[in-house]
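Okay, data-v5.json now, which holds JSON, C-alpha atoms and all ligand atoms:
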```
[["chain", "number", "residue", "atom", "x", "y", "z"],
["A", 1, "MET", "CA", 59.90, -77.22, 2.17],
["A", 2, "LYS", "CA", 60.04, -78.07, 5.83],
["A", 3, "ARG", "CA", 62.98, -76.54, 7.71],
["A", 4, "GLU", "CA", 64.80, -77.76, 10.78],
["A", 5, "ILE", "CA", 63.71, -76.15, 14.05],
["A", 6, "VAL", "CA", 66.69, -75.09, 16.14],
["A", 7, "LYS", "CA", 66.56, -76.01, 19.81],
["A", 8, "TYR", "CA", 67.50, -74.14, 22.95],
["A", 9, "GLY", "CA", 71.28, -73.89, 23.14],
["A", 10, "ALA", "CA", 71.64, -72.55, 19.57],
["A", 11, "LYS", "CA", 73.19, -69.07, 19.53],
["A", 12, "VAL", "CA", 70.71, -67.70, 16.97],
["A", 13, "LEU", "CA", 67.91, -68.02, 19.57],
["A", 14, "THR", "CA", 69.53, -65.47, 21.89],
["A", 15, "GLU", "CA", 70.50, -62.91, 19.25],
["A", 16, "LYS", "CA", 68.48, -59.80, 18.40],
["A", 17, "ALA", "CA", 67.13, -60.35, 14.89],
["A", 18, "ALA", "CA", 67.74, -57.85, 12.08],
["A", 19, "PRO", "CA", 64.93, -56.06, 10.20],
["A", 20, "VAL", "CA", 63.57, -57.56, 7.01],
["A", 21, "THR", "CA", 64.40, -55.21, 4.13],
["A", 22, "ALA", "CA", 63.68, -57.23, 0.98],
["A", 23, "PHE", "CA", 60.08, -58.28, 0.26],
["A", 24, "ASP", "CA", 61.01, -60.69, -2.47],
["A", 25, "GLU", "CA", 60.60, -64.29, -3.60],
["A", 26, "GLU", "CA", 63.10, -65.49, -1.02],
["A", 27, "LEU", "CA", 60.98, -63.98, 1.75],
["A", 28, "ASN", "CA", 57.82, -65.59, 0.33],
["A", 29, "GLN", "CA", 59.58, -68.93, 0.29],
["A", 30, "LEU", "CA", 60.74, -68.48, 3.88],
["A", 31, "VAL", "CA", 57.16, -67.68, 5.00],
["A", 32, "ALA", "CA", 55.75, -70.70, 3.13],
["A", 33, "ASP", "CA", 58.43, -72.96, 4.60],
["A", 34, "MET", "CA", 57.77, -71.64, 8.08],
["A", 35, "PHE", "CA", 54.03, -72.42, 7.84],
["A", 36, "GLU", "CA", 54.80, -75.93, 6.62],
["A", 37, "THR", "CA", 57.29, -76.40, 9.47],
["A", 38, "MET", "CA", 54.93, -74.99, 12.11],
["A", 39, "TYR", "CA", 51.90, -77.08, 11.05],
["A", 40, "ASP", "CA", 54.04, -80.20, 10.88],
["A", 41, "ALA", "CA", 55.56, -79.69, 14.35],
["A", 42, "PRO", "CA", 52.68, -79.00, 15.28],
["A", 43, "GLY", "CA", 52.67, -75.53, 16.79],
["A", 44, "VAL", "CA", 50.68, -72.29, 16.77],
["A", 45, "GLY", "CA", 53.54, -69.82, 16.28],
["A", 46, "LEU", "CA", 57.03, -69.80, 14.84],
["A", 47, "ALA", "CA", 59.69, -67.08, 14.63],
["A", 48, "ALA", "CA", 62.36, -66.91, 11.91],
["A", 49, "PRO", "CA", 65.27, -67.35, 14.38],
["A", 50, "GLN", "CA", 63.73, -70.75, 15.25],
["A", 51, "VAL", "CA", 64.57, -71.92, 11.73],
["A", 52, "GLY", "CA", 68.01, -70.33, 11.95],
["A", 53, "VAL", "CA", 67.15, -67.07, 10.17],
["A", 54, "SER", "CA", 67.93, -64.03, 12.35],
["A", 55, "ARG", "CA", 65.28, -61.74, 10.84],
["A", 56, "ARG", "CA", 62.34, -59.88, 12.36],
["A", 57, "LEU", "CA", 59.56, -62.15, 11.17],
["A", 58, "PHE", "CA", 57.13, -64.52, 12.81],
["A", 59, "ILE", "CA", 53.97, -66.38, 11.86],
["A", 60, "MET", "CA", 50.93, -67.52, 13.82],
["A", 61, "ASP", "CA", 47.84, -69.67, 13.45],
["A", 62, "CYS", "CA", 46.05, -70.49, 16.71],
["A", 63, "SER", "CA", 42.93, -71.93, 15.03],
["A", 64, "LYS", "CA", 41.98, -75.61, 15.09],
["A", 65, "GLU", "CA", 41.05, -75.46, 11.40],
["A", 66, "LYS", "CA", 44.42, -73.99, 10.38],
["A", 67, "ASN", "CA", 42.68, -71.15, 8.59],
["A", 68, "ARG", "CA", 43.69, -68.09, 10.61],
["A", 69, "GLN", "CA", 47.18, -67.36, 9.36],
["A", 70, "PHE", "CA", 49.09, -64.24, 10.30],
["A", 71, "VAL", "CA", 52.49, -63.08, 9.10],
["A", 72, "PHE", "CA", 54.23, -60.37, 11.12],
["A", 73, "ILE", "CA", 57.28, -58.71, 9.61],
["A", 74, "ASN", "CA", 59.24, -56.00, 11.46],
["A", 75, "PRO", "CA", 56.53, -56.01, 14.16],
["A", 76, "GLU", "CA", 56.09, -53.39, 16.85],
["A", 77, "ILE", "CA", 54.08, -53.93, 20.03],
["A", 78, "LEU", "CA", 51.98, -50.76, 20.29],
["A", 79, "SER", "CA", 50.23, -51.56, 23.56],
["A", 80, "THR", "CA", 49.33, -54.33, 25.97],
["A", 81, "GLU", "CA", 46.51, -54.65, 28.49],
["A", 82, "GLY", "CA", 45.56, -56.94, 31.37],
["A", 83, "THR", "CA", 47.19, -60.21, 32.35],
["A", 84, "GLN", "CA", 46.66, -63.92, 31.76],
["A", 85, "THR", "CA", 48.48, -66.94, 33.09],
["A", 86, "GLY", "CA", 48.58, -70.19, 31.18],
["A", 87, "ASP", "CA", 50.57, -73.19, 30.12],
["A", 88, "GLU", "CA", 53.11, -72.26, 27.48],
["A", 89, "GLY", "CA", 55.43, -74.26, 25.27],
["A", 90, "CYS", "CA", 57.97, -73.48, 22.55],
["A", 91, "LEU", "CA", 58.98, -75.49, 19.50],
["A", 92, "SER", "CA", 62.61, -74.82, 20.43],
["A", 93, "PHE", "CA", 61.97, -76.50, 23.81],
["A", 94, "PRO", "CA", 60.26, -79.76, 22.79],
["A", 95, "GLY", "CA", 58.29, -81.40, 25.59],
["A", 96, "ILE", "CA", 58.69, -78.49, 28.01],
["A", 97, "TYR", "CA", 55.64, -76.59, 29.29],
["A", 98, "PHE", "CA", 55.05, -74.32, 32.25],
["A", 99, "ASP", "CA", 52.83, -71.45, 33.35],
["A", 100, "VAL", "CA", 53.80, -68.04, 32.01],
["A", 101, "GLU", "CA", 52.14, -64.72, 32.78],
["A", 102, "ARG", "CA", 51.49, -62.52, 29.75],
["A", 103, "ALA", "CA", 49.30, -59.58, 28.81],
["A", 104, "ALA", "CA", 45.74, -60.59, 27.90],
["A", 105, "ARG", "CA", 45.50, -58.21, 24.97],
["A", 106, "VAL", "CA", 48.06, -56.81, 22.56],
["A", 107, "ILE", "CA", 47.93, -54.33, 19.71],
["A", 108, "VAL", "CA", 50.63, -54.89, 17.14],
["A", 109, "ARG", "CA", 51.75, -53.10, 14.00],
["A", 110, "ALA", "CA", 53.67, -55.04, 11.38],
["A", 111, "GLN", "CA", 54.26, -55.50, 7.68],
["A", 112, "ASN", "CA", 52.81, -58.38, 5.68],
["A", 113, "ALA", "CA", 54.79, -60.39, 3.11],
["A", 114, "ARG", "CA", 54.12, -57.69, 0.49],
["A", 115, "GLY", "CA", 55.60, -55.04, 2.75],
["A", 116, "GLU", "CA", 52.24, -53.40, 3.56],
["A", 117, "TRP", "CA", 51.77, -52.16, 7.12],
["A", 118, "PHE", "CA", 48.78, -53.30, 9.17],
["A", 119, "GLU", "CA", 47.65, -52.87, 12.73],
["A", 120, "SER", "CA", 45.79, -55.57, 14.62],
["A", 121, "ASP", "CA", 44.39, -56.40, 18.03],
["A", 122, "PHE", "CA", 44.77, -59.85, 19.63],
["A", 123, "LEU", "CA", 43.30, -61.47, 22.74],
["A", 124, "ASP", "CA", 43.96, -64.49, 24.95],
["A", 125, "LEU", "CA", 45.89, -67.29, 23.20],
["A", 126, "GLU", "CA", 46.69, -65.14, 20.17],
["A", 127, "ALA", "CA", 47.98, -62.34, 22.43],
["A", 128, "ARG", "CA", 50.11, -64.88, 24.30],
["A", 129, "CYS", "CA", 51.46, -66.21, 21.02],
["A", 130, "VAL", "CA", 52.24, -62.76, 19.55],
["A", 131, "LEU", "CA", 54.15, -61.80, 22.71],
["A", 132, "HIS", "CA", 56.03, -65.12, 22.86],
["A", 133, "GLU", "CA", 57.06, -64.91, 19.19],
["A", 134, "TYR", "CA", 57.94, -61.22, 19.42],
["A", 135, "ASP", "CA", 60.31, -62.08, 22.28],
["A", 136, "HIS", "CA", 62.13, -64.48, 19.93],
["A", 137, "LEU", "CA", 63.03, -61.51, 17.70],
["A", 138, "GLU", "CA", 64.64, -59.83, 20.69],
["A", 139, "GLY", "CA", 66.54, -63.00, 21.56],
["A", 140, "ASP", "CA", 64.40, -63.48, 24.69],
["A", 141, "LEU", "CA", 63.24, -66.98, 25.53],
["A", 142, "PHE", "CA", 60.20, -67.99, 27.60],
["A", 143, "ILE", "CA", 62.38, -69.92, 30.03],
["A", 144, "GLU", "CA", 63.55, -66.56, 31.39],
["A", 145, "LYS", "CA", 59.95, -65.91, 32.46],
["A", 146, "ALA", "CA", 59.83, -69.02, 34.65],
["A", 147, "SER", "CA", 60.50, -68.89, 38.37],
["A", 148, "ARG", "CA", 64.14, -69.47, 39.30],
["A", 149, "LEU", "CA", 63.36, -72.94, 40.62],
["A", 150, "ARG", "CA", 61.43, -73.92, 37.48],
["A", 151, "ARG", "CA", 64.21, -72.52, 35.29],
["A", 152, "GLU", "CA", 66.82, -74.63, 37.09],
["A", 153, "LEU", "CA", 64.67, -77.77, 36.77],
["A", 154, "VAL", "CA", 64.13, -77.18, 33.06],
["A", 155, "LYS", "CA", 67.83, -76.49, 32.41],
["A", 156, "ARG", "CA", 68.78, -79.65, 34.31],
["A", 157, "LYS", "CA", 66.28, -81.70, 32.29],
["A", 158, "ILE", "CA", 67.70, -80.29, 29.03],
["A", 159, "GLN", "CA", 71.26, -81.09, 30.12],
["A", 160, "ARG", "CA", 70.21, -84.66, 30.85],
["A", 161, "LEU", "CA", 68.51, -84.95, 27.44],
["A", 162, "LYS", "CA", 71.65, -83.53, 25.78],
["A", 163, "ARG", "CA", 73.82, -86.14, 27.51],
["A", 164, "GLU", "CA", 71.43, -88.82, 26.26],
["A", 165, "GLY", "CA", 71.66, -87.40, 22.74],
["A", 166, "LYS", "CA", 67.93, -86.56, 22.75],
["A", 167, "TRP", "CA", 68.24, -82.77, 22.41],
["B", 201, "ZN", "ZN", 59.14, -70.11, 21.16]]
```

Can I see the file as C-alpha cells?
Amino acid sequence: MKREIVKYGAKVLTEKAAPVTAFDEELNQLVADMFETMYDAPGVGLAAPQVGVSRRLFIMDCSKEKNRQFVFINPEILSTEGTQTGDEGCLSFPGIYFDVERAARVIVRAQNARGEWFESDFLDLEARCVLHEYDHLEGDLFIEKASRLRRELVKRKIQRLKREGKW
C-alpha cells in the first residue's frame, strides 16, 4: 500500500530515528509499502522518516529497470572515499534540485529485512543515494548542504508554495 510522503516542515524529518528492533511482519509490510511509494513517486531512495516512521531504515533502487533493490536497516557508514558533485533532489522537497557535494564511494554495513548483517560497497549515484538517505536517519536534510544563498532561495520558494497551498 502506498504511503504518504511527508514534506519538508514536518518534525519527523529533523528527528534522529530510533533503531529497528523487531524484524517481523510489520517491518516487511513497511519495506514493501516504501518500495511501492518510492517507485510511484518516482524516486531512487526513500527513508522511513519520509513516510512518517522514525526508524533507522531506508531503501534504494537506482537502476532504470527497477531490479536493483537494497534495504538498509540500522545502517552504519564504515568509510567514504573521494568526492562527486551532482544535481540532487529529495522526495520530501518536490521540484527542488541543486548541486550537492558527496563522497564518490561509500562502504556501508546494515541489516536486511530478516535481520542479517551485510556489508556493501557503492559508487557514484548509489553512493550519493546511500549518503543522502543515511542523513535522513540522523534528521539531516540535503538543504543544509546547499550554499547559504541557495538555502535562502529554496526556503523562500517553499514558503511561497505553502502560502499558495501547494506544499
Ligand atoms: Zn531525501

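The space separating atom ZN of ligand ZN 201 (chain B) from atom CA of A:Glu119 comes to 22.4 Å.
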
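Compared by their closest atoms to ligand ZN 201 (chain B), and using all atoms listed in the file, the residues A:Lys64, A:His136, A:Lys157, A:Lys162 rank with A:His136 nearest.
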
**Message:** Could you list the protein, DNA and RNA residues that have any atom within 10 Å of ligand ZN 201 (chain B), counting only C-alpha atoms and all ligand atoms, and write them as a list in words?
**Reply:** Lys7, Tyr8, Leu13, Gly43, Val44, Gly45, Leu46, Ala47, Pro49, Gln50, Glu88, Gly89, Cys90, Leu91, Ser92, Phe93, Pro94, Cys129, Leu131, His132, Glu133, Tyr134, Asp135, His136, Asp140, Leu141, Phe142 and Ile143 of chain A

**Asked** Hey, can you check how far atom CA of A:Tyr97 sits from atom CA of A:Leu149?
**Response**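 Calculated distance between atom CA of A:Tyr97 and atom CA of A:Leu149 is 14.2 Å.
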
**Item:** Long-range neighbours of A:Arg55 as a count of residues only, 8 Å cut-off, only C-alpha atoms, 3 positions minimum in chain
**Value:** 7

**Prompt:** From the list A:Leu161, A:Ala127, A:Leu78, A:Leu27, which residue is nearest A:Asn112 when using only C-alpha atoms?
**Reply:**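 Closest to A:Asn112 of all the choices is A:Leu27.
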
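Distance annotation: of A:Glu138, A:Glu126, A:Asp121, A:Asp87, the residue with the minimal separation from A:Cys62 is A:Glu126; atom set is all atoms listed in the file.
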